[in-house]
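J.: Compact mmCIF, C-alpha atoms and all ligand atoms, file input.txt:
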# COMPACT_ATOMS: atom_id res chain seq x y z
CA ILE A 1 -34.56 21.68 -52.52
CA VAL A 2 -35.89 20.26 -49.26
CA GLU A 3 -33.32 18.44 -47.12
CA GLN A 4 -34.26 14.76 -46.78
CA PHE A 5 -33.79 12.16 -44.05
CA ASP A 6 -35.09 8.67 -43.43
CA VAL A 7 -36.32 9.63 -39.99
CA ILE A 8 -36.85 12.86 -38.06
CA ILE A 9 -36.96 12.46 -34.28
CA ILE A 10 -38.36 15.34 -32.21
CA GLY A 11 -36.82 15.58 -28.74
CA ALA A 12 -33.24 14.77 -27.75
CA GLY A 13 -34.11 13.45 -24.31
CA ALA A 14 -33.69 9.90 -23.08
CA ALA A 15 -36.05 8.27 -25.59
CA GLY A 16 -35.13 10.41 -28.60
CA LEU A 17 -31.36 10.00 -28.15
CA PHE A 18 -31.60 6.25 -27.70
CA CYS A 19 -33.97 5.78 -30.63
CA ALA A 20 -31.79 7.95 -32.89
CA ALA A 21 -28.67 5.96 -31.96
CA GLN A 22 -30.35 2.60 -32.63
CA ALA A 23 -31.92 3.72 -35.90
CA GLY A 24 -28.68 5.31 -37.08
CA GLN A 25 -26.72 2.17 -36.27
CA ARG A 26 -29.22 0.21 -38.36
CA GLY A 27 -28.14 2.33 -41.32
CA LEU A 28 -30.86 4.98 -41.39
CA ASN A 29 -30.17 8.64 -42.03
CA VAL A 30 -31.52 10.20 -38.83
CA LEU A 31 -32.16 13.85 -37.90
CA LEU A 32 -32.61 14.43 -34.16
CA VAL A 33 -33.86 17.87 -33.12
CA ASP A 34 -34.39 19.62 -29.79
CA ASN A 35 -35.33 23.11 -28.67
CA GLY A 36 -32.61 23.12 -25.98
CA LYS A 37 -28.96 24.15 -25.97
CA LYS A 38 -27.81 20.63 -25.09
CA PRO A 39 -29.20 17.13 -25.34
CA GLY A 40 -30.55 15.14 -22.38
CA ARG A 41 -31.14 18.03 -20.02
CA LYS A 42 -33.46 16.01 -17.80
CA ILE A 43 -30.98 13.15 -17.65
CA LEU A 44 -28.38 15.56 -16.27
CA MET A 45 -30.77 16.58 -13.47
CA SER A 46 -31.95 13.06 -12.78
CA GLY A 47 -31.28 10.96 -9.72
CA GLY A 48 -29.80 13.94 -7.87
CA GLY A 49 -27.16 14.31 -10.62
CA ARG A 50 -26.29 10.58 -10.69
CA CYS A 51 -29.11 9.34 -12.97
CA ASN A 52 -31.10 6.38 -11.72
CA PHE A 53 -30.92 4.86 -15.19
CA THR A 54 -32.89 1.65 -14.60
CA ASN A 55 -34.14 -0.75 -11.94
CA MET A 56 -33.29 -4.42 -11.44
CA TYR A 57 -36.93 -5.24 -10.71
CA ILE A 58 -38.62 -3.79 -13.80
CA GLU A 59 -42.13 -5.24 -14.17
CA PRO A 60 -45.25 -4.03 -15.99
CA ALA A 61 -47.08 -3.63 -12.65
CA ALA A 62 -44.76 -0.71 -11.87
CA TYR A 63 -46.29 1.36 -14.69
CA LEU A 64 -49.52 3.40 -14.71
CA SER A 65 -51.54 3.60 -17.91
CA HIS A 66 -55.17 3.46 -19.00
CA ASN A 67 -54.01 0.35 -20.87
CA PRO A 68 -51.77 -1.56 -18.42
CA HIS A 69 -50.82 -4.27 -20.95
CA PHE A 70 -49.33 -1.85 -23.48
CA CYS A 71 -45.87 -1.58 -21.91
CA LYS A 72 -45.30 -5.33 -21.66
CA SER A 73 -43.98 -6.05 -25.14
CA ALA A 74 -41.34 -3.32 -25.28
CA LEU A 75 -40.17 -3.94 -21.70
CA ALA A 76 -39.78 -7.65 -22.48
CA ARG A 77 -37.90 -7.11 -25.74
CA TYR A 78 -35.40 -4.54 -24.48
CA THR A 79 -34.91 -5.19 -20.78
CA GLN A 80 -33.03 -3.56 -17.91
CA TRP A 81 -30.31 -6.20 -18.41
CA ASP A 82 -29.84 -5.07 -22.03
CA PHE A 83 -29.36 -1.48 -20.91
CA ILE A 84 -27.09 -2.50 -18.01
CA GLU A 85 -24.92 -4.36 -20.53
CA LEU A 86 -24.63 -1.19 -22.62
CA VAL A 87 -23.68 0.85 -19.53
CA ALA A 88 -21.01 -1.72 -18.66
CA LYS A 89 -19.73 -1.72 -22.25
CA HIS A 90 -19.12 2.03 -21.91
CA GLY A 91 -17.14 1.40 -18.73
CA ILE A 92 -19.54 3.38 -16.56
CA ALA A 93 -19.36 2.32 -12.91
CA TYR A 94 -22.72 2.04 -11.15
CA HIS A 95 -24.26 0.84 -7.90
CA GLU A 96 -27.58 -0.21 -6.43
CA LYS A 97 -28.78 2.44 -4.01
CA THR A 98 -31.93 0.77 -2.72
CA LEU A 99 -34.86 -1.32 -4.01
CA GLY A 100 -33.02 -2.32 -7.20
CA GLN A 101 -32.38 1.29 -8.23
CA LEU A 102 -29.17 1.62 -10.28
CA PHE A 103 -27.23 4.91 -10.26
CA CYS A 104 -23.98 6.07 -11.89
CA ASP A 105 -21.17 6.12 -9.30
CA ASP A 106 -19.90 9.33 -10.81
CA SER A 107 -22.30 11.56 -12.69
CA ALA A 108 -25.37 11.66 -14.93
CA GLN A 109 -23.16 13.35 -17.54
CA GLN A 110 -21.76 9.87 -18.23
CA MET A 111 -25.21 8.72 -19.30
CA VAL A 112 -25.60 11.66 -21.69
CA ASP A 113 -22.08 10.97 -23.03
CA LEU A 114 -23.04 7.32 -23.60
CA LEU A 115 -26.11 8.33 -25.60
CA VAL A 116 -24.27 10.97 -27.63
CA LYS A 117 -21.47 8.49 -28.44
CA GLU A 118 -24.03 5.91 -29.54
CA CYS A 119 -25.63 8.59 -31.75
CA GLU A 120 -22.22 9.39 -33.25
CA ARG A 121 -21.71 5.69 -34.01
CA GLY A 122 -25.02 5.85 -35.87
CA ARG A 123 -24.01 9.06 -37.72
CA VAL A 124 -27.06 10.84 -36.35
CA THR A 125 -27.43 14.51 -37.29
CA LEU A 126 -28.20 16.37 -34.03
CA ARG A 127 -29.64 19.87 -34.29
CA LEU A 128 -30.14 21.81 -31.06
CA ARG A 129 -31.85 25.18 -30.45
CA THR A 130 -34.38 24.09 -33.04
CA GLU A 131 -38.01 25.21 -32.94
CA VAL A 132 -40.49 22.86 -34.54
CA GLY A 133 -43.13 24.60 -36.67
CA ALA A 134 -45.78 23.23 -39.02
CA ILE A 135 -45.85 19.50 -39.77
CA THR A 136 -47.55 18.11 -42.87
CA ARG A 137 -47.92 14.62 -44.30
CA ASP A 138 -48.21 13.38 -47.90
CA ASP A 139 -47.44 10.19 -49.87
CA GLN A 140 -43.69 10.77 -49.44
CA GLY A 141 -43.87 11.06 -45.67
CA TYR A 142 -43.55 14.07 -43.40
CA ARG A 143 -42.47 17.67 -43.89
CA VAL A 144 -41.43 19.52 -40.78
CA SER A 145 -40.61 23.19 -40.49
CA LEU A 146 -37.49 23.62 -38.34
CA ASN A 147 -36.51 27.17 -37.42
CA GLY A 148 -38.51 28.19 -40.48
CA THR A 149 -36.81 25.80 -42.94
CA GLU A 150 -38.56 22.67 -44.22
CA VAL A 151 -37.01 19.20 -43.95
CA SER A 152 -38.64 15.93 -44.95
CA ALA A 153 -38.51 12.27 -43.95
CA ARG A 154 -40.41 9.07 -44.55
CA LYS A 155 -40.91 8.65 -40.83
CA LEU A 156 -41.49 10.93 -37.86
CA VAL A 157 -40.82 9.94 -34.25
CA VAL A 158 -42.23 12.11 -31.46
CA ALA A 159 -40.08 11.89 -28.32
CA SER A 160 -40.83 15.31 -26.86
CA GLY A 161 -41.62 14.07 -23.33
CA GLY A 162 -44.21 15.34 -20.86
CA LEU A 163 -44.94 18.66 -19.19
CA SER A 164 -42.86 18.28 -16.04
CA MET A 165 -40.15 20.87 -15.41
CA PRO A 166 -40.93 23.51 -18.03
CA GLY A 167 -37.60 25.06 -17.07
CA LEU A 168 -35.88 22.12 -18.78
CA GLY A 169 -37.65 22.63 -22.12
CA ALA A 170 -40.84 20.62 -21.53
CA SER A 171 -43.67 21.54 -23.90
CA PRO A 172 -47.03 20.13 -25.05
CA LEU A 173 -45.75 19.75 -28.63
CA GLY A 174 -46.08 15.94 -28.67
CA TYR A 175 -49.70 16.03 -27.54
CA LYS A 176 -50.47 18.65 -30.19
CA ILE A 177 -48.90 16.52 -32.93
CA ALA A 178 -50.98 13.54 -31.75
CA GLU A 179 -54.16 15.60 -31.92
CA GLN A 180 -53.24 17.05 -35.32
CA PHE A 181 -53.12 13.50 -36.71
CA GLY A 182 -56.35 12.45 -35.04
CA LEU A 183 -55.00 10.51 -32.05
CA SER A 184 -56.64 11.03 -28.68
CA VAL A 185 -54.68 12.22 -25.70
CA PHE A 186 -55.61 11.47 -22.09
CA PRO A 187 -55.67 14.51 -19.80
CA THR A 188 -52.29 15.02 -18.17
CA ARG A 189 -51.38 15.64 -14.53
CA ALA A 190 -48.22 15.86 -12.48
CA GLY A 191 -46.84 12.60 -11.05
CA LEU A 192 -43.98 11.76 -8.66
CA VAL A 193 -44.56 15.12 -7.04
CA PRO A 194 -44.67 16.47 -3.44
CA PHE A 195 -47.97 17.36 -1.77
CA THR A 196 -48.96 20.75 -0.38
CA LEU A 197 -51.13 20.92 2.75
CA HIS A 198 -54.03 23.14 3.84
CA LYS A 199 -53.31 26.09 6.10
CA PRO A 200 -54.10 25.01 9.66
CA LEU A 201 -52.37 21.64 9.27
CA LEU A 202 -49.44 23.16 7.38
CA ASP A 203 -48.86 25.67 10.21
CA GLN A 204 -49.14 22.94 12.83
CA LEU A 205 -46.50 20.84 11.06
CA GLN A 206 -44.16 23.75 10.23
CA ASN A 207 -41.59 22.72 12.89
CA LEU A 208 -41.27 19.31 11.28
CA SER A 209 -39.75 20.65 8.07
CA GLY A 210 -36.75 18.40 7.30
CA VAL A 211 -37.86 15.47 9.48
CA ALA A 212 -37.85 12.11 7.66
CA LEU A 213 -39.08 8.71 8.81
CA PRO A 214 -40.04 5.36 7.30
CA ALA A 215 -43.78 5.15 6.65
CA THR A 216 -46.39 3.34 4.65
CA VAL A 217 -48.66 5.58 2.63
CA GLU A 218 -51.89 4.29 1.15
CA ALA A 219 -54.08 5.90 -1.53
CA GLU A 220 -57.87 5.51 -1.64
CA ASP A 221 -57.56 2.90 -4.42
CA GLY A 222 -55.58 0.68 -2.02
CA THR A 223 -52.15 1.26 -3.58
CA LEU A 224 -49.53 1.32 -0.83
CA PHE A 225 -45.84 2.23 -0.66
CA LYS A 226 -43.44 1.68 2.23
CA GLU A 227 -40.55 4.08 1.90
CA ALA A 228 -39.30 7.28 3.55
CA LEU A 229 -41.66 10.20 4.20
CA LEU A 230 -40.28 13.73 4.50
CA PHE A 231 -42.00 16.75 6.05
CA THR A 232 -41.27 19.95 4.09
CA HIS A 233 -42.15 23.62 4.64
CA ARG A 234 -44.85 23.24 1.97
CA GLY A 235 -46.21 19.85 2.98
CA LEU A 236 -45.12 16.25 2.42
CA SER A 237 -42.43 14.72 0.23
CA GLY A 238 -39.94 11.82 0.24
CA PRO A 239 -40.07 8.66 -1.88
CA ALA A 240 -43.25 7.23 -0.29
CA ILE A 241 -45.12 10.46 -1.00
CA LEU A 242 -43.77 10.89 -4.55
CA GLN A 243 -44.80 7.31 -5.35
CA ILE A 244 -48.33 7.67 -3.98
CA SER A 245 -48.85 11.05 -5.68
CA SER A 246 -49.22 9.23 -9.03
CA TYR A 247 -52.21 7.33 -7.57
CA TRP A 248 -53.84 10.35 -5.88
CA LEU A 249 -56.68 12.49 -7.23
CA PRO A 250 -57.73 15.91 -5.88
CA GLY A 251 -60.04 15.64 -2.88
CA GLU A 252 -58.80 12.19 -1.89
CA GLN A 253 -57.24 11.26 1.43
CA LEU A 254 -54.05 9.41 2.27
CA ALA A 255 -53.76 6.88 5.10
CA ILE A 256 -50.27 7.13 6.60
CA ASN A 257 -48.76 4.64 9.02
CA LEU A 258 -46.04 6.56 10.88
CA SER A 259 -44.68 3.43 12.56
CA PRO A 260 -44.82 0.66 9.97
CA THR A 261 -42.33 -1.67 11.67
CA THR A 262 -43.27 -1.29 15.36
CA GLU A 263 -46.84 -2.03 16.48
CA LEU A 264 -47.28 0.79 18.96
CA GLY A 265 -50.00 -0.82 21.11
CA ALA A 266 -47.75 -3.75 21.99
CA PHE A 267 -44.73 -1.44 22.28
CA LEU A 268 -46.44 0.85 24.82
CA THR A 269 -47.71 -2.10 26.89
CA VAL A 270 -44.19 -3.50 27.19
CA GLN A 271 -42.79 -0.04 27.94
CA ARG A 272 -45.37 0.58 30.70
CA GLU A 273 -44.34 -2.64 32.45
CA ALA A 274 -40.66 -1.74 32.29
CA HIS A 275 -40.76 2.05 32.85
CA PRO A 276 -44.12 3.11 34.38
CA ASN A 277 -42.84 6.57 35.32
CA LEU A 278 -41.34 7.38 31.92
CA SER A 279 -43.17 10.11 30.02
CA LEU A 280 -45.19 8.95 27.04
CA LYS A 281 -43.27 11.46 24.92
CA ASN A 282 -39.85 10.00 25.79
CA SER A 283 -41.15 6.50 25.33
CA LEU A 284 -42.47 7.21 21.82
CA ALA A 285 -39.23 9.00 20.95
CA LYS A 286 -37.55 5.56 21.09
CA VAL A 287 -39.38 4.58 17.90
CA LEU A 288 -40.36 7.89 16.26
CA PRO A 289 -38.34 11.05 15.50
CA LYS A 290 -38.17 13.23 18.65
CA ARG A 291 -39.33 16.36 16.81
CA LEU A 292 -42.37 14.54 15.50
CA VAL A 293 -43.35 13.40 19.01
CA GLU A 294 -42.90 16.95 20.35
CA VAL A 295 -45.13 18.42 17.66
CA LEU A 296 -47.74 15.71 18.22
CA GLN A 297 -47.73 16.65 21.90
CA THR A 298 -48.33 20.35 21.14
CA LEU A 299 -51.26 19.21 18.97
CA ALA A 300 -52.57 17.17 21.96
CA ILE A 301 -52.37 13.96 19.89
CA VAL A 302 -49.73 12.71 22.34
CA PRO A 303 -51.08 13.42 25.87
CA ASP A 304 -48.64 14.97 28.36
CA VAL A 305 -48.64 12.00 30.75
CA THR A 306 -46.42 9.22 32.06
CA LEU A 307 -46.94 5.70 30.81
CA LYS A 308 -48.57 4.78 34.13
CA GLN A 309 -51.10 7.62 33.68
CA LEU A 310 -51.97 6.75 30.07
CA ASN A 311 -55.41 5.14 30.13
CA ALA A 312 -56.64 2.46 27.74
CA LYS A 313 -58.85 4.81 25.71
CA GLN A 314 -56.07 7.39 25.30
CA GLN A 315 -53.67 4.64 24.26
CA SER A 316 -55.98 3.13 21.68
CA GLU A 317 -56.82 6.56 20.17
CA LEU A 318 -53.15 7.47 20.01
CA VAL A 319 -52.13 4.14 18.48
CA HIS A 320 -54.91 4.40 15.92
CA THR A 321 -53.89 7.93 14.92
CA LEU A 322 -50.20 7.08 14.53
CA HIS A 323 -50.85 3.92 12.52
CA ASN A 324 -53.65 5.43 10.48
CA TRP A 325 -53.04 9.18 10.14
CA ARG A 326 -55.58 10.55 7.66
CA VAL A 327 -54.40 13.47 5.57
CA GLN A 328 -56.22 15.25 2.80
CA PRO A 329 -53.60 17.07 0.73
CA ASN A 330 -54.44 20.52 -0.58
CA GLY A 331 -52.84 19.66 -3.93
CA THR A 332 -49.46 18.88 -5.45
CA GLU A 333 -46.56 21.16 -6.26
CA GLY A 334 -47.50 20.62 -9.93
CA TYR A 335 -45.35 20.36 -13.04
CA ARG A 336 -42.78 22.77 -11.60
CA THR A 337 -41.28 20.02 -9.42
CA ALA A 338 -42.95 16.86 -10.76
CA GLU A 339 -40.61 14.17 -12.10
CA VAL A 340 -43.15 12.86 -14.59
CA THR A 341 -46.42 13.55 -16.40
CA LEU A 342 -49.29 11.09 -16.15
CA GLY A 343 -51.66 10.64 -19.08
CA GLY A 344 -50.69 11.45 -22.67
CA VAL A 345 -51.05 9.77 -26.04
CA ASP A 346 -53.70 7.02 -25.90
CA THR A 347 -51.90 3.71 -26.31
CA THR A 348 -54.88 1.91 -27.83
CA GLN A 349 -54.06 3.84 -31.01
CA LEU A 350 -50.41 2.73 -31.04
CA SER A 351 -48.82 -0.61 -31.85
CA SER A 352 -47.23 -1.96 -28.65
CA LYS A 353 -44.62 -3.69 -30.81
CA THR A 354 -43.47 -0.69 -32.85
CA MET A 355 -45.00 2.42 -31.17
CA GLU A 356 -46.42 3.40 -34.58
CA ALA A 357 -49.83 5.09 -34.77
CA ARG A 358 -52.15 2.43 -36.21
CA GLN A 359 -54.06 4.85 -38.41
CA VAL A 360 -51.11 7.09 -39.36
CA PRO A 361 -48.33 5.12 -41.06
CA GLY A 362 -44.86 6.44 -40.35
CA LEU A 363 -45.79 8.37 -37.17
CA TYR A 364 -44.36 7.03 -33.88
CA PHE A 365 -44.60 8.10 -30.22
CA ILE A 366 -42.05 6.99 -27.60
CA GLY A 367 -41.07 7.80 -24.01
CA GLU A 368 -43.02 9.94 -21.61
CA VAL A 369 -45.34 11.57 -24.18
CA VAL A 370 -47.13 8.20 -24.28
CA ASP A 371 -49.70 7.31 -21.58
CA VAL A 372 -47.22 5.09 -19.71
CA THR A 373 -45.74 6.35 -16.44
CA GLY A 374 -43.44 4.41 -14.15
CA TRP A 375 -42.77 4.40 -10.44
CA LEU A 376 -39.92 6.33 -8.93
CA GLY A 377 -36.67 4.37 -9.13
CA GLY A 378 -35.40 4.14 -12.72
CA TYR A 379 -38.66 2.83 -14.17
CA ASN A 380 -39.25 5.91 -16.34
CA PHE A 381 -35.85 5.81 -17.99
CA GLN A 382 -36.30 2.08 -18.68
CA TRP A 383 -39.59 2.89 -20.44
CA ALA A 384 -37.73 5.50 -22.50
CA TRP A 385 -35.02 2.93 -23.48
CA SER A 386 -37.47 0.08 -24.16
CA SER A 387 -40.00 2.07 -26.17
CA ALA A 388 -37.20 3.77 -28.13
CA TRP A 389 -35.58 0.43 -28.94
CA ALA A 390 -38.87 -1.15 -30.06
CA CYS A 391 -39.53 1.83 -32.31
CA ALA A 392 -36.02 1.85 -33.79
CA GLN A 393 -36.32 -1.82 -34.85
CA ALA A 394 -39.41 -0.92 -36.88
CA LEU A 395 -38.19 2.26 -38.57
P1 LIG B 401 -37.43 13.98 -22.01
O1 LIG B 401 -36.24 13.36 -21.45
O2 LIG B 401 -38.19 14.98 -21.23
O3 LIG B 401 -37.00 14.60 -23.42
C1 LIG B 401 -37.88 15.34 -24.22
C2 LIG B 401 -37.05 16.29 -25.05
O4 LIG B 401 -37.91 16.95 -25.98
C3 LIG B 401 -36.39 17.37 -24.22
O5 LIG B 401 -35.02 17.38 -24.49
C4 LIG B 401 -37.07 18.64 -24.66
O6 LIG B 401 -36.19 19.74 -24.67
C5 LIG B 401 -37.54 18.29 -26.06
N1 LIG B 401 -38.71 19.08 -26.46
C6 LIG B 401 -39.87 19.26 -25.78
N2 LIG B 401 -40.67 20.10 -26.45
C7 LIG B 401 -40.01 20.45 -27.58
C8 LIG B 401 -40.31 21.32 -28.67
N3 LIG B 401 -41.46 21.98 -28.69
N4 LIG B 401 -39.42 21.45 -29.66
C9 LIG B 401 -38.24 20.78 -29.62
N5 LIG B 401 -37.89 19.94 -28.61
C10 LIG B 401 -38.76 19.80 -27.60
N6 LIG B 401 -36.57 8.89 -14.33
C11 LIG B 401 -35.86 7.80 -13.96
O7 LIG B 401 -36.12 6.71 -14.44
N7 LIG B 401 -34.81 7.92 -13.06
C12 LIG B 401 -34.46 9.11 -12.51
O8 LIG B 401 -33.47 9.20 -11.75
C13 LIG B 401 -35.24 10.27 -12.84
N8 LIG B 401 -34.96 11.47 -12.27
C14 LIG B 401 -35.66 12.57 -12.67
C15 LIG B 401 -35.35 13.81 -12.10
C16 LIG B 401 -36.03 14.94 -12.51
C17 LIG B 401 -35.69 16.26 -11.87
C18 LIG B 401 -37.03 14.84 -13.50
C19 LIG B 401 -37.78 16.06 -13.97
C20 LIG B 401 -37.35 13.61 -14.04
C21 LIG B 401 -36.69 12.46 -13.64
N9 LIG B 401 -37.00 11.20 -14.17
C22 LIG B 401 -36.28 10.11 -13.79
C23 LIG B 401 -38.00 11.04 -15.24
C24 LIG B 401 -37.27 10.98 -16.59
O9 LIG B 401 -36.39 12.08 -16.67
C25 LIG B 401 -38.26 11.04 -17.74
O10 LIG B 401 -39.25 10.06 -17.58
C26 LIG B 401 -37.53 10.81 -19.07
O11 LIG B 401 -36.56 11.82 -19.26
C27 LIG B 401 -38.50 10.80 -20.23
O12 LIG B 401 -37.77 10.69 -21.42
P2 LIG B 401 -38.30 11.34 -22.77
O13 LIG B 401 -37.19 11.22 -23.74
O14 LIG B 401 -39.62 10.80 -23.11
O15 LIG B 401 -38.53 12.87 -22.41
Please express what this file holds, its structure, as structure tokens.
T.:
Amino acid sequence: IVEQFDVIIIGAGAAGLFCAAQAGQRGLNVLLVDNGKKPGRKILMSGGGRCNFTNMYIEPAAYLSHNPHFCKSALARYTQWDFIELVAKHGIAYHEKTLGQLFCDDSAQQMVDLLVKECERGRVTLRLRTEVGAITRDDQGYRVSLNGTEVSARKLVVASGGLSMPGLGASPLGYKIAEQFGLSVFPTRAGLVPFTLHKPLLDQLQNLSGVALPATVEAEDGTLFKEALLFTHRGLSGPAILQISSYWLPGEQLAINLSPTTELGAFLTVQREAHPNLSLKNSLAKVLPKRLVEVLQTLAIVPDVTLKQLNAKQQSELVHTLHNWRVQPNGTEGYRTAEVTLGGVDTTQLSSKTMEARQVPGLYFIGEVVDVTGWLGGYNFQWAWSSAWACAQAL
């Protein structure tokens, strides 16, 4: 006899755990499966071990998708405030780090514990170390081969996530299931990921590894982020870079303003009046990291002169370069270090209210496997919670 459930959910990550808990608490007999040894592995790694579980400023504009309206319904029906209430109910202390980003005071383990407890309240059956094999569909619903044994359910929820961090169990299973049932899948690429640089530039910037500064970074489509930029031994990272990476395509340039708060033309004019004999290098070091100025001098971008000696042409070239540094990245570090995967299951084939495939009754896609990708800062977990909740109401 084939073991039967109301719902089988594939993937015990953020979306799968939350959906299982909600569905179970609504009285459904839920089986949640994952190929890993423990649930929520990415949650444990997230936010530097403190899990940036949502953001106070969630808005649809903070999500990338070929269909930007798709995320609106779920985000409006289960909001950041709903999830914050649940976190508070579990007695988990949290704080805002910056830009509305909410982190656990203690540890991301608390977030996994919350989700597991909610699953227990819903009497969810959790099976780990489970490999998903063939999936078939008939009038009764779905049959799924798990570690070689068939189980069946009326409904199947795919919450297997994206391709980022294969070391944490990521696999293309969800995209394959979508294709098996005739849904289209947008090509995927790494998002929220550091950039690598071409050889001569990379060597020139090698001494800057570890230097961070506030910057604005603009992509060719005009998207702009003002956050910290970090030089690494491979290229560029830091929040501003991770954010813009989701808007960047191979071959494109970035425009980086290395001094977004001080207009350097005006600054140097004032400095020249006050300290004509000061070196340009020491003057710039008042507003930019000293190591950056030193490297820019070895590259002859910052001339080796005093302020008095700096002529108008030199000044305007220098100011232009620092406010509008053009960089063409070599590529990204790829899925190995990416926080998210862009692209995925085409949302035009899903109901934005229930996450069900329009042409395939009983088949649902939630979380990162769907072509909805948020900014850095808790936006991706909120999409996992909201899409999971919307789905669970409809199961
Ligand atoms: P996942 O959480 O990836 O879960 C998918 C699950 O499916 C996994 O448990 C996986 O093992 C399982 N699975 C995959 N393939 C199979 C298979 N073939 N068989 C069985 N099971 C399978 N977002 C934020 O909002 N805030 C943060 O602080 C944050 N930090 C991050 C830090 C890191 C290092 C990374 C990599 C990501 C971070 N993210 C963060 C993004 C966030 O983790 C994801 O967007 C979110 O986990 C997506 O939830 P999901 O449930 O859709 O997928």
J.: Give me the residues of chain A that have any atom at most 7 Å from an atom of ligand LIG 401 (chain B); for each, the nearest atom pair and the distance in Å, rounded to one decimal. Use all atoms listed in the file, sort by chain and number, and format it as a tab-separated table.
T.:
residue	atom	partner	partner_atom	distance
A:Ile10	CA	B:LIG401	N5	5.9
A:Gly11	CA	B:LIG401	O4	3.3
A:Ala12	CA	B:LIG401	O5	4.5
A:Gly13	CA	B:LIG401	O3	3.2
A:Ala14	CA	B:LIG401	O13	3.8
A:Ala15	CA	B:LIG401	O13	3.7
A:Gly16	CA	B:LIG401	O13	5.3
A:Val33	CA	B:LIG401	C9	6.3
A:Asp34	CA	B:LIG401	N5	3.7
A:Asn35	CA	B:LIG401	C9	3.8
A:Gly36	CA	B:LIG401	O6	5.1
A:Pro39	CA	B:LIG401	O5	5.9
A:Gly40	CA	B:LIG401	O5	5.4
A:Arg41	CA	B:LIG401	O5	6.0
A:Lys42	CA	B:LIG401	O9	5.0
A:Ile43	CA	B:LIG401	O9	5.6
A:Met45	CA	B:LIG401	C17	5.2
A:Ser46	CA	B:LIG401	N8	3.4
A:Gly47	CA	B:LIG401	O8	3.5
A:Gly48	CA	B:LIG401	C15	7.0
A:Cys51	CA	B:LIG401	O8	4.5
A:Asn52	CA	B:LIG401	O8	3.7
A:Phe53	CA	B:LIG401	N7	5.4
A:Thr54	CA	B:LIG401	O7	6.0
A:Thr130	CA	B:LIG401	C9	6.1
A:Glu131	CA	B:LIG401	N4	5.2
A:Val132	CA	B:LIG401	N4	5.2
A:Ala159	CA	B:LIG401	O14	5.3
A:Ser160	CA	B:LIG401	O4	3.5
A:Gly161	CA	B:LIG401	O15	3.4
A:Gly162	CA	B:LIG401	O2	6.0
A:Ser164	CA	B:LIG401	C19	5.9
A:Met165	CA	B:LIG401	C19	5.6
A:Leu168	CA	B:LIG401	O6	6.4
A:Gly169	CA	B:LIG401	O6	4.1
A:Ala170	CA	B:LIG401	C6	4.6
A:Ser171	CA	B:LIG401	N2	4.2
A:Pro172	CA	B:LIG401	N2	6.5
A:Leu173	CA	B:LIG401	N3	4.8
A:Thr337	CA	B:LIG401	C19	7.0
A:Ala338	CA	B:LIG401	C19	6.1
A:Glu339	CA	B:LIG401	C20	3.8
A:Val340	CA	B:LIG401	C23	5.5
A:Ile366	CA	B:LIG401	O14	6.4
A:Gly367	CA	B:LIG401	O14	3.5
A:Glu368	CA	B:LIG401	O14	3.8
A:Val369	CA	B:LIG401	O14	5.9
A:Leu376	CA	B:LIG401	C11	6.6
A:Gly377	CA	B:LIG401	N7	5.6
A:Gly378	CA	B:LIG401	O7	3.2
A:Tyr379	CA	B:LIG401	O7	4.6
A:Asn380	CA	B:LIG401	O7	3.7
A:Phe381	CA	B:LIG401	O7	3.7
A:Gln382	CA	B:LIG401	O7	6.3
A:Ala384	CA	B:LIG401	O12	5.3
J.: Given all atoms listed in the file as the basis, pick out the residue of A:Gln359, A:Gln315, A:Ser387, A:Asn257 nearest to Val327 (chain A).
T.: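 Using all atoms listed in the file, the shortest distance to Val327 (chain A) belongs to A:Asn257.
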J.: My list of candidates is A:Gly122, A:Glu85, A:Ser237, A:Glu3. Which is closest to Leu28 (chain A) when distances are computed with only C-alpha atoms?
T.: A:Gly122
J.: Using only C-alpha atoms, which residue out of A:Leu395, A:Ala255, A:Ala390, A:Trp375 lies closest to Thr79 (chain A)?
T.: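 Counting only C-alpha atoms, the residue closest to Thr79 (chain A) is A:Ala390.
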J.: Tell me, as a PyMOL selection string, which residues lie within 10 Å of Gly182 (chain A), counting only C-alpha atoms; anything in the same chain fewer than 2 positions away does not count.
T.: chain A and resi 176-180+184-185+349+357+359-360
J.: Include C-alpha atoms and write out the residues we just selected as a PDB file, in the frame of the given file.
T.:
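File written: part00.pdb
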ATOM      1  CA  LYS A 176     -50.470  18.650 -30.190  1.00  0.00           C
ATOM      2  CA  ILE A 177     -48.900  16.520 -32.930  1.00  0.00           C
ATOM      3  CA  ALA A 178     -50.980  13.540 -31.750  1.00  0.00           C
ATOM      4  CA  GLU A 179     -54.160  15.600 -31.920  1.00  0.00           C
ATOM      5  CA  GLN A 180     -53.240  17.050 -35.320  1.00  0.00           C
ATOM      6  CA  SER A 184     -56.640  11.030 -28.680  1.00  0.00           C
ATOM      7  CA  VAL A 185     -54.680  12.220 -25.700  1.00  0.00           C
ATOM      8  CA  GLN A 349     -54.060   3.840 -31.010  1.00  0.00           C
ATOM      9  CA  ALA A 357     -49.830   5.090 -34.770  1.00  0.00           C
ATOM     10  CA  GLN A 359     -54.060   4.850 -38.410  1.00  0.00           C
ATOM     11  CA  VAL A 360     -51.110   7.090 -39.360  1.00  0.00           C
TER      12      VAL A 360
END
J.: If the box runs along x, y and z of the file and leaves 5 Å on each side of region 233-237 of chain A, what are its centre and edge lengths in Å, one decimal, as AutoDock Vina command-line options?
T.:
--center_x -44.2 --center_y 19.2 --center_z 2.4 --size_x 14.1 --size_y 18.9 --size_z 14.4
